[in-house]
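Peer 1: So I've got this file, work00.cif, and it contains mmCIF, N, CA and C atoms:
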data_start
#
loop_
_atom_site.label_atom_id
_atom_site.label_comp_id
_atom_site.auth_asym_id
_atom_site.auth_seq_id
_atom_site.Cartn_x
_atom_site.Cartn_y
_atom_site.Cartn_z
N MET A 208 13.95 6.84 7.01
CA MET A 208 13.64 8.16 7.52
C MET A 208 12.54 8.82 6.70
N LYS A 209 12.57 8.59 5.37
CA LYS A 209 11.57 9.21 4.51
C LYS A 209 10.16 8.78 4.92
N GLU A 210 9.97 7.49 5.21
CA GLU A 210 8.66 7.01 5.61
C GLU A 210 8.22 7.62 6.93
N GLY A 211 9.16 7.87 7.82
CA GLY A 211 8.82 8.39 9.13
C GLY A 211 8.62 9.89 9.18
N MET A 212 9.09 10.62 8.18
CA MET A 212 9.01 12.08 8.23
C MET A 212 7.58 12.58 8.31
N SER A 213 6.70 12.01 7.48
CA SER A 213 5.31 12.49 7.51
C SER A 213 4.63 12.08 8.81
N ASP A 214 5.03 10.93 9.35
CA ASP A 214 4.43 10.48 10.60
C ASP A 214 4.90 11.30 11.79
N TYR A 215 6.08 11.90 11.69
CA TYR A 215 6.62 12.67 12.82
C TYR A 215 5.78 13.93 13.07
N ALA A 216 5.46 14.65 12.01
CA ALA A 216 4.69 15.88 12.17
C ALA A 216 3.20 15.59 12.34
N LEU A 217 2.72 14.54 11.71
CA LEU A 217 1.31 14.18 11.81
C LEU A 217 1.13 13.08 12.85
N SER A 218 0.09 13.18 13.62
CA SER A 218 -0.22 12.09 14.54
C SER A 218 -1.70 11.74 14.43
N ILE A 219 -1.97 10.46 14.60
CA ILE A 219 -3.35 9.97 14.56
C ILE A 219 -3.67 9.46 15.96
N ASP A 220 -4.61 10.11 16.62
CA ASP A 220 -4.98 9.71 17.98
C ASP A 220 -6.46 10.03 18.19
N ASN A 221 -6.90 10.09 19.44
CA ASN A 221 -8.31 10.34 19.72
C ASN A 221 -8.74 11.76 19.33
N ASN A 222 -7.79 12.64 19.01
CA ASN A 222 -8.11 13.98 18.53
C ASN A 222 -8.22 14.04 17.01
N GLY A 223 -8.07 12.89 16.34
CA GLY A 223 -8.09 12.85 14.88
C GLY A 223 -6.67 12.92 14.35
N VAL A 224 -6.51 13.42 13.14
CA VAL A 224 -5.19 13.60 12.54
C VAL A 224 -4.78 15.04 12.82
N THR A 225 -3.70 15.20 13.54
CA THR A 225 -3.26 16.53 13.94
C THR A 225 -1.80 16.76 13.56
N VAL A 226 -1.41 18.02 13.52
CA VAL A 226 -0.02 18.41 13.24
C VAL A 226 0.48 19.29 14.37
N LEU A 227 1.79 19.41 14.43
CA LEU A 227 2.37 20.29 15.44
C LEU A 227 2.00 21.73 15.15
N ASN A 228 1.73 22.48 16.19
CA ASN A 228 1.29 23.86 16.09
C ASN A 228 2.36 24.78 16.66
N ASP A 229 2.71 25.84 15.95
CA ASP A 229 3.72 26.77 16.47
C ASP A 229 3.14 27.78 17.45
N ARG A 230 1.82 27.87 17.53
CA ARG A 230 1.17 28.78 18.48
C ARG A 230 0.63 27.97 19.66
N THR A 231 1.42 27.82 20.68
CA THR A 231 1.01 26.99 21.81
C THR A 231 0.53 27.86 22.96
N ASP A 232 -0.32 27.26 23.76
CA ASP A 232 -0.83 27.91 24.97
C ASP A 232 -0.31 27.10 26.15
N SER A 233 0.57 27.71 26.94
CA SER A 233 1.20 26.96 28.02
C SER A 233 0.20 26.46 29.06
N SER A 234 -0.96 27.08 29.16
CA SER A 234 -1.95 26.64 30.15
C SER A 234 -2.68 25.37 29.71
N MET A 235 -2.62 25.01 28.42
CA MET A 235 -3.35 23.85 27.92
C MET A 235 -2.48 22.61 27.77
N GLY A 236 -1.20 22.71 28.00
CA GLY A 236 -0.32 21.54 27.91
C GLY A 236 -0.14 21.05 26.49
N ASP A 237 -0.05 19.72 26.33
CA ASP A 237 0.23 19.12 25.03
C ASP A 237 -0.88 19.33 24.00
N VAL A 238 -2.12 19.52 24.46
CA VAL A 238 -3.24 19.69 23.53
C VAL A 238 -3.03 20.90 22.64
N SER A 239 -2.47 21.99 23.19
CA SER A 239 -2.29 23.20 22.40
C SER A 239 -1.15 23.07 21.40
N LYS A 240 -0.35 22.04 21.49
CA LYS A 240 0.76 21.86 20.56
C LYS A 240 0.30 21.29 19.23
N LYS A 241 -0.98 20.96 19.12
CA LYS A 241 -1.47 20.33 17.91
C LYS A 241 -2.66 21.10 17.34
N MET A 242 -2.80 21.01 16.02
CA MET A 242 -3.96 21.58 15.35
C MET A 242 -4.36 20.63 14.24
N ALA A 243 -5.53 20.81 13.68
CA ALA A 243 -6.03 19.91 12.63
C ALA A 243 -5.11 19.93 11.42
N ALA A 244 -4.93 18.78 10.82
CA ALA A 244 -4.10 18.66 9.62
C ALA A 244 -4.84 19.26 8.43
N THR A 245 -4.07 19.82 7.51
CA THR A 245 -4.66 20.38 6.29
C THR A 245 -4.99 19.25 5.32
N ASP A 246 -5.77 19.58 4.29
CA ASP A 246 -6.11 18.59 3.27
C ASP A 246 -4.85 18.05 2.58
N VAL A 247 -3.91 18.94 2.31
CA VAL A 247 -2.67 18.52 1.65
C VAL A 247 -1.90 17.54 2.54
N GLN A 248 -1.83 17.84 3.82
CA GLN A 248 -1.13 16.94 4.75
C GLN A 248 -1.86 15.61 4.86
N MET A 249 -3.18 15.64 4.84
CA MET A 249 -3.95 14.41 4.90
C MET A 249 -3.70 13.56 3.66
N ARG A 250 -3.71 14.18 2.48
CA ARG A 250 -3.44 13.44 1.24
C ARG A 250 -2.03 12.87 1.24
N THR A 251 -1.07 13.65 1.71
CA THR A 251 0.31 13.18 1.78
C THR A 251 0.41 11.96 2.69
N LEU A 252 -0.22 12.03 3.86
CA LEU A 252 -0.21 10.91 4.79
C LEU A 252 -0.91 9.70 4.17
N ALA A 253 -2.06 9.91 3.55
CA ALA A 253 -2.80 8.81 2.94
C ALA A 253 -1.97 8.15 1.84
N ASN A 254 -1.33 8.96 0.99
CA ASN A 254 -0.49 8.42 -0.07
C ASN A 254 0.69 7.65 0.49
N SER A 255 1.29 8.18 1.54
CA SER A 255 2.43 7.51 2.17
C SER A 255 2.01 6.16 2.75
N LEU A 256 0.88 6.14 3.46
CA LEU A 256 0.40 4.89 4.04
C LEU A 256 -0.01 3.89 2.96
N TYR A 257 -0.61 4.38 1.88
CA TYR A 257 -0.98 3.51 0.77
C TYR A 257 0.27 2.87 0.16
N ASN A 258 1.29 3.69 -0.09
CA ASN A 258 2.52 3.17 -0.70
C ASN A 258 3.23 2.17 0.20
N ILE A 259 3.24 2.42 1.50
CA ILE A 259 3.85 1.47 2.43
C ILE A 259 3.07 0.15 2.41
N GLY A 260 1.74 0.24 2.48
CA GLY A 260 0.92 -0.97 2.44
C GLY A 260 1.08 -1.73 1.14
N HIS A 261 1.11 -1.00 0.01
CA HIS A 261 1.29 -1.64 -1.29
C HIS A 261 2.64 -2.35 -1.37
N THR A 262 3.68 -1.72 -0.84
CA THR A 262 5.02 -2.33 -0.85
C THR A 262 5.03 -3.62 -0.06
N TRP A 263 4.42 -3.62 1.13
CA TRP A 263 4.41 -4.84 1.95
C TRP A 263 3.57 -5.94 1.31
N LEU A 264 2.44 -5.57 0.70
CA LEU A 264 1.63 -6.58 0.02
C LEU A 264 2.38 -7.17 -1.17
N LYS A 265 3.11 -6.34 -1.91
CA LYS A 265 3.90 -6.82 -3.04
C LYS A 265 4.98 -7.78 -2.55
N ARG A 266 5.64 -7.43 -1.46
CA ARG A 266 6.66 -8.33 -0.89
C ARG A 266 6.05 -9.66 -0.48
N ALA A 267 4.87 -9.61 0.12
CA ALA A 267 4.21 -10.84 0.56
C ALA A 267 3.82 -11.71 -0.63
N THR A 268 3.25 -11.11 -1.68
CA THR A 268 2.86 -11.91 -2.83
C THR A 268 4.07 -12.44 -3.58
N ASP A 269 5.14 -11.65 -3.66
CA ASP A 269 6.38 -12.14 -4.28
C ASP A 269 6.93 -13.34 -3.51
N PHE A 270 6.88 -13.25 -2.18
CA PHE A 270 7.34 -14.36 -1.34
C PHE A 270 6.51 -15.60 -1.59
N LEU A 271 5.19 -15.44 -1.61
CA LEU A 271 4.31 -16.59 -1.85
C LEU A 271 4.50 -17.16 -3.24
N ASP A 272 4.66 -16.28 -4.24
CA ASP A 272 4.90 -16.76 -5.61
C ASP A 272 6.16 -17.62 -5.68
N GLU A 273 7.18 -17.22 -4.93
CA GLU A 273 8.45 -17.94 -4.95
C GLU A 273 8.42 -19.22 -4.11
N MET A 274 7.75 -19.19 -2.98
CA MET A 274 7.83 -20.29 -2.02
C MET A 274 6.68 -21.31 -2.11
N ALA A 275 5.58 -20.93 -2.74
CA ALA A 275 4.42 -21.84 -2.78
C ALA A 275 4.73 -23.08 -3.60
N ASN A 276 4.33 -24.22 -3.07
CA ASN A 276 4.50 -25.50 -3.75
C ASN A 276 3.41 -26.45 -3.25
N PRO A 277 3.36 -27.69 -3.74
CA PRO A 277 2.27 -28.59 -3.32
C PRO A 277 2.24 -28.92 -1.83
N THR A 278 3.34 -28.64 -1.10
CA THR A 278 3.37 -28.96 0.33
C THR A 278 3.40 -27.74 1.23
N GLN A 279 3.72 -26.57 0.68
CA GLN A 279 3.76 -25.33 1.48
C GLN A 279 2.88 -24.29 0.81
N TYR A 280 2.13 -23.55 1.61
CA TYR A 280 1.26 -22.50 1.11
C TYR A 280 0.36 -23.05 0.00
N ILE A 281 -0.30 -24.14 0.32
CA ILE A 281 -1.08 -24.91 -0.65
C ILE A 281 -2.17 -24.07 -1.31
N PRO A 282 -2.98 -23.30 -0.57
CA PRO A 282 -4.02 -22.51 -1.25
C PRO A 282 -3.44 -21.54 -2.30
N TRP A 283 -2.31 -20.93 -1.98
CA TRP A 283 -1.68 -20.00 -2.92
C TRP A 283 -1.16 -20.76 -4.15
N TYR A 284 -0.56 -21.91 -3.90
CA TYR A 284 -0.06 -22.73 -5.00
C TYR A 284 -1.20 -23.15 -5.92
N GLU A 285 -2.32 -23.58 -5.35
CA GLU A 285 -3.47 -23.98 -6.15
C GLU A 285 -4.02 -22.80 -6.95
N LYS A 286 -4.03 -21.63 -6.35
CA LYS A 286 -4.47 -20.42 -7.06
C LYS A 286 -3.55 -20.14 -8.24
N MET A 287 -2.25 -20.24 -8.03
CA MET A 287 -1.29 -20.00 -9.12
C MET A 287 -1.49 -21.02 -10.24
N GLN A 288 -1.72 -22.27 -9.87
CA GLN A 288 -1.93 -23.32 -10.87
C GLN A 288 -3.20 -23.06 -11.68
N ALA A 289 -4.26 -22.67 -10.99
CA ALA A 289 -5.53 -22.39 -11.67
C ALA A 289 -5.38 -21.21 -12.63
N GLU A 290 -4.65 -20.19 -12.22
CA GLU A 290 -4.43 -19.04 -13.10
C GLU A 290 -3.59 -19.43 -14.31
N ALA A 291 -2.59 -20.28 -14.10
CA ALA A 291 -1.75 -20.73 -15.21
C ALA A 291 -2.56 -21.58 -16.20
N ASP A 292 -3.49 -22.38 -15.69
CA ASP A 292 -4.30 -23.24 -16.55
C ASP A 292 -5.29 -22.45 -17.39
N THR A 293 -5.79 -21.33 -16.88
CA THR A 293 -6.80 -20.55 -17.59
C THR A 293 -6.19 -19.45 -18.45
N LYS A 294 -4.89 -19.24 -18.36
CA LYS A 294 -4.23 -18.18 -19.13
C LYS A 294 -4.24 -18.56 -20.61
N ASP A 295 -4.66 -17.62 -21.45
CA ASP A 295 -4.71 -17.84 -22.88
C ASP A 295 -3.54 -17.10 -23.53
N ASP A 296 -2.58 -17.85 -24.05
CA ASP A 296 -1.40 -17.25 -24.65
C ASP A 296 -1.60 -16.84 -26.11
N ASN A 297 -2.68 -17.27 -26.74
CA ASN A 297 -2.91 -17.00 -28.15
C ASN A 297 -4.06 -16.02 -28.36
N VAL A 298 -4.04 -14.93 -27.65
CA VAL A 298 -5.11 -13.94 -27.73
C VAL A 298 -5.17 -13.33 -29.13
N ASN A 299 -4.02 -13.09 -29.75
CA ASN A 299 -4.00 -12.45 -31.06
C ASN A 299 -4.70 -13.28 -32.14
N GLU A 300 -4.70 -14.60 -32.03
CA GLU A 300 -5.33 -15.45 -33.03
C GLU A 300 -6.85 -15.31 -33.03
N GLU A 301 -7.43 -14.86 -31.93
CA GLU A 301 -8.87 -14.73 -31.83
C GLU A 301 -9.36 -13.33 -32.18
N LEU A 302 -8.44 -12.39 -32.39
CA LEU A 302 -8.83 -11.03 -32.72
C LEU A 302 -9.18 -10.94 -34.19
N GLY A 303 -10.11 -10.09 -34.51
CA GLY A 303 -10.48 -9.87 -35.90
C GLY A 303 -11.06 -8.48 -36.05
N GLY A 304 -11.12 -8.02 -37.28
CA GLY A 304 -11.71 -6.71 -37.52
C GLY A 304 -10.69 -5.73 -38.06
N SER A 305 -11.05 -4.47 -38.07
CA SER A 305 -10.18 -3.42 -38.56
C SER A 305 -9.55 -2.69 -37.40
N PHE A 306 -8.27 -2.43 -37.52
CA PHE A 306 -7.54 -1.74 -36.46
C PHE A 306 -6.81 -0.54 -37.06
N LEU A 307 -6.94 0.59 -36.47
CA LEU A 307 -6.30 1.82 -36.94
C LEU A 307 -5.20 2.23 -35.98
N MET A 308 -4.20 2.83 -36.54
CA MET A 308 -3.12 3.37 -35.70
C MET A 308 -2.93 4.82 -36.00
#
What would you get if you wrote out this structure as structure tokens?

Peer 2:
Amino acid sequence: MKEGMSDYALSIDNNGVTVLNDRTDSSMGDVSKKMAATDVQMRTLANSLYNIGHTWLKRATDFLDEMANPTQYIPWYEKMQAEADTKDDNVNEELGGSFLM
């Protein structure tokens, strides 16, 4: 329900991003029920859509990380192998100089 709340009041259509309007004109039908969304509402919608997209991408990459092997999802598996081969676990041994805290 939380994800749908911002979408309920805001709609994206050929009129742009609009919100429900409490000042309606009965002669104009559904068009008068909407007005332009405010900047705050636009940012809220954008943040909501970003978070939903990020969540689904994270789920997809977690799935691929778990399921990829030499016979399934081969490009992803090869990418994981290449990253594992180039990972340097001894970064601290190459550091030098003065460090302040």

Peer 1: Kindly resolve the PyMOL selection byres (((chain A and resi 222 and name CA) around 10) and name CA) on the present coordinates and return the residues as a list in words.

Peer 2: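 Those residues are Ser218, Ile219, Asp220, Asn221, Gly223, Val224, Thr225, Val238, Lys241, Met242 and Ala243 of chain A.
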
Peer 1: Distance CA of Thr245 in chain A-atom C of Tyr257 in chain A, one decimal place?

Peer 2: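 Value for the CA of Thr245 in chain A-atom C of Tyr257 in chain A distance: 19.2 Å.
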
Peer 1: I'd like the interatomic distance between CA of Ala244 in chain A and CA of Leu264 in chain A, to a tenth of an Å.

Peer 2: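 Going from CA of Ala244 in chain A over to CA of Leu264 in chain A covers 27.6 Å.
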
Peer 1: Would you mind reading off the distance between CA of Lys265 in chain A and CA of Thr278 in chain A, one decimal, in Å?

Peer 2: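 Rounded to one decimal, the two atoms are 22.4 Å apart.
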
Peer 1: Of the candidates A:Ala275, A:Glu285, A:Leu217, A:Ala291, which one gets nearest to Thr251 in chain A if we count only C-alpha atoms?

Peer 2: A:Leu217

Peer 1: Considering only C-alpha atoms, state which residue in the set A:Trp283, A:Ala289, A:Gln248, A:Ser255 is at the smallest distance from Asp269 in chain A.

Peer 2: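 When distances to Asp269 in chain A are compared using only C-alpha atoms, the smallest one comes from A:Trp283.
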
Peer 1: Could range 272-283 of chain A be completed with all heavy atoms and written as a tab-separated table (two decimals), in the frame of the given file, please?

Peer 2:
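This is the output file result08.tsv:
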chain	number	residue	atom	x	y	z
A	272	ASP	N	4.66	-16.28	-4.24
A	272	ASP	CA	4.90	-16.76	-5.61
A	272	ASP	C	6.16	-17.62	-5.68
A	272	ASP	O	6.21	-18.62	-6.38
A	272	ASP	CB	5.04	-15.59	-6.59
A	272	ASP	CG	3.71	-14.91	-6.87
A	272	ASP	OD1	2.65	-15.49	-6.56
A	272	ASP	OD2	3.74	-13.79	-7.42
A	273	GLU	N	7.18	-17.22	-4.93
A	273	GLU	CA	8.45	-17.94	-4.95
A	273	GLU	C	8.42	-19.22	-4.11
A	273	GLU	O	8.98	-20.24	-4.51
A	273	GLU	CB	9.57	-17.03	-4.43
A	273	GLU	CG	10.93	-17.65	-4.45
A	273	GLU	CD	12.01	-16.72	-3.93
A	273	GLU	OE1	11.85	-15.50	-4.04
A	273	GLU	OE2	13.01	-17.24	-3.40
A	274	MET	N	7.75	-19.19	-2.98
A	274	MET	CA	7.83	-20.29	-2.02
A	274	MET	C	6.68	-21.31	-2.11
A	274	MET	O	6.80	-22.41	-1.59
A	274	MET	CB	7.88	-19.74	-0.59
A	274	MET	CG	9.05	-18.80	-0.34
A	274	MET	SD	10.66	-19.55	-0.62
A	274	MET	CE	10.74	-20.69	0.73
A	275	ALA	N	5.58	-20.93	-2.74
A	275	ALA	CA	4.42	-21.84	-2.78
A	275	ALA	C	4.73	-23.08	-3.60
A	275	ALA	O	5.33	-23.02	-4.67
A	275	ALA	CB	3.21	-21.11	-3.35
A	276	ASN	N	4.33	-24.22	-3.07
A	276	ASN	CA	4.50	-25.50	-3.75
A	276	ASN	C	3.41	-26.45	-3.25
A	276	ASN	O	2.60	-26.07	-2.41
A	276	ASN	CB	5.92	-26.05	-3.53
A	276	ASN	CG	6.24	-26.28	-2.07
A	276	ASN	OD1	5.52	-26.99	-1.38
A	276	ASN	ND2	7.32	-25.68	-1.59
A	277	PRO	N	3.36	-27.69	-3.74
A	277	PRO	CA	2.27	-28.59	-3.32
A	277	PRO	C	2.24	-28.92	-1.83
A	277	PRO	O	1.23	-29.41	-1.33
A	277	PRO	CB	2.51	-29.85	-4.15
A	277	PRO	CG	3.32	-29.41	-5.31
A	277	PRO	CD	4.15	-28.26	-4.82
A	278	THR	N	3.34	-28.64	-1.10
A	278	THR	CA	3.37	-28.96	0.33
A	278	THR	C	3.40	-27.74	1.23
A	278	THR	O	3.18	-27.86	2.43
A	278	THR	CB	4.58	-29.85	0.66
A	278	THR	OG1	5.78	-29.16	0.30
A	278	THR	CG2	4.50	-31.17	-0.08
A	279	GLN	N	3.72	-26.57	0.68
A	279	GLN	CA	3.76	-25.33	1.48
A	279	GLN	C	2.88	-24.29	0.81
A	279	GLN	O	2.91	-24.15	-0.41
A	279	GLN	CB	5.18	-24.76	1.55
A	279	GLN	CG	6.09	-25.49	2.49
A	279	GLN	CD	7.42	-24.75	2.59
A	279	GLN	OE1	7.95	-24.28	1.60
A	279	GLN	NE2	7.94	-24.66	3.79
A	280	TYR	N	2.13	-23.55	1.61
A	280	TYR	CA	1.26	-22.50	1.11
A	280	TYR	C	0.36	-23.05	0.00
A	280	TYR	O	0.26	-22.50	-1.09
A	280	TYR	CB	2.07	-21.30	0.63
A	280	TYR	CG	3.08	-20.82	1.64
A	280	TYR	CD1	4.45	-20.96	1.43
A	280	TYR	CD2	2.66	-20.25	2.85
A	280	TYR	CE1	5.37	-20.54	2.36
A	280	TYR	CE2	3.57	-19.82	3.79
A	280	TYR	CZ	4.93	-19.98	3.55
A	280	TYR	OH	5.84	-19.56	4.48
A	281	ILE	N	-0.30	-24.14	0.32
A	281	ILE	CA	-1.08	-24.91	-0.65
A	281	ILE	C	-2.17	-24.07	-1.31
A	281	ILE	O	-2.31	-24.11	-2.54
A	281	ILE	CB	-1.64	-26.19	0.01
A	281	ILE	CG1	-0.48	-27.06	0.46
A	281	ILE	CG2	-2.56	-26.94	-0.94
A	281	ILE	CD1	-0.86	-28.17	1.41
A	282	PRO	N	-2.98	-23.30	-0.57
A	282	PRO	CA	-4.02	-22.51	-1.25
A	282	PRO	C	-3.44	-21.54	-2.30
A	282	PRO	O	-3.99	-21.37	-3.37
A	282	PRO	CB	-4.71	-21.75	-0.12
A	282	PRO	CG	-4.47	-22.58	1.09
A	282	PRO	CD	-3.10	-23.18	0.88
A	283	TRP	N	-2.31	-20.93	-1.98
A	283	TRP	CA	-1.68	-20.00	-2.92
A	283	TRP	C	-1.16	-20.76	-4.15
A	283	TRP	O	-1.31	-20.30	-5.28
A	283	TRP	CB	-0.55	-19.22	-2.25
A	283	TRP	CG	-0.08	-18.07	-3.09
A	283	TRP	CD1	0.94	-18.06	-3.98
A	283	TRP	CD2	-0.64	-16.75	-3.12
A	283	TRP	NE1	1.07	-16.84	-4.56
A	283	TRP	CE2	0.11	-16.01	-4.04
A	283	TRP	CE3	-1.68	-16.14	-2.45
A	283	TRP	CZ2	-0.17	-14.69	-4.32
A	283	TRP	CZ3	-1.94	-14.82	-2.73
A	283	TRP	CH2	-1.20	-14.11	-3.66
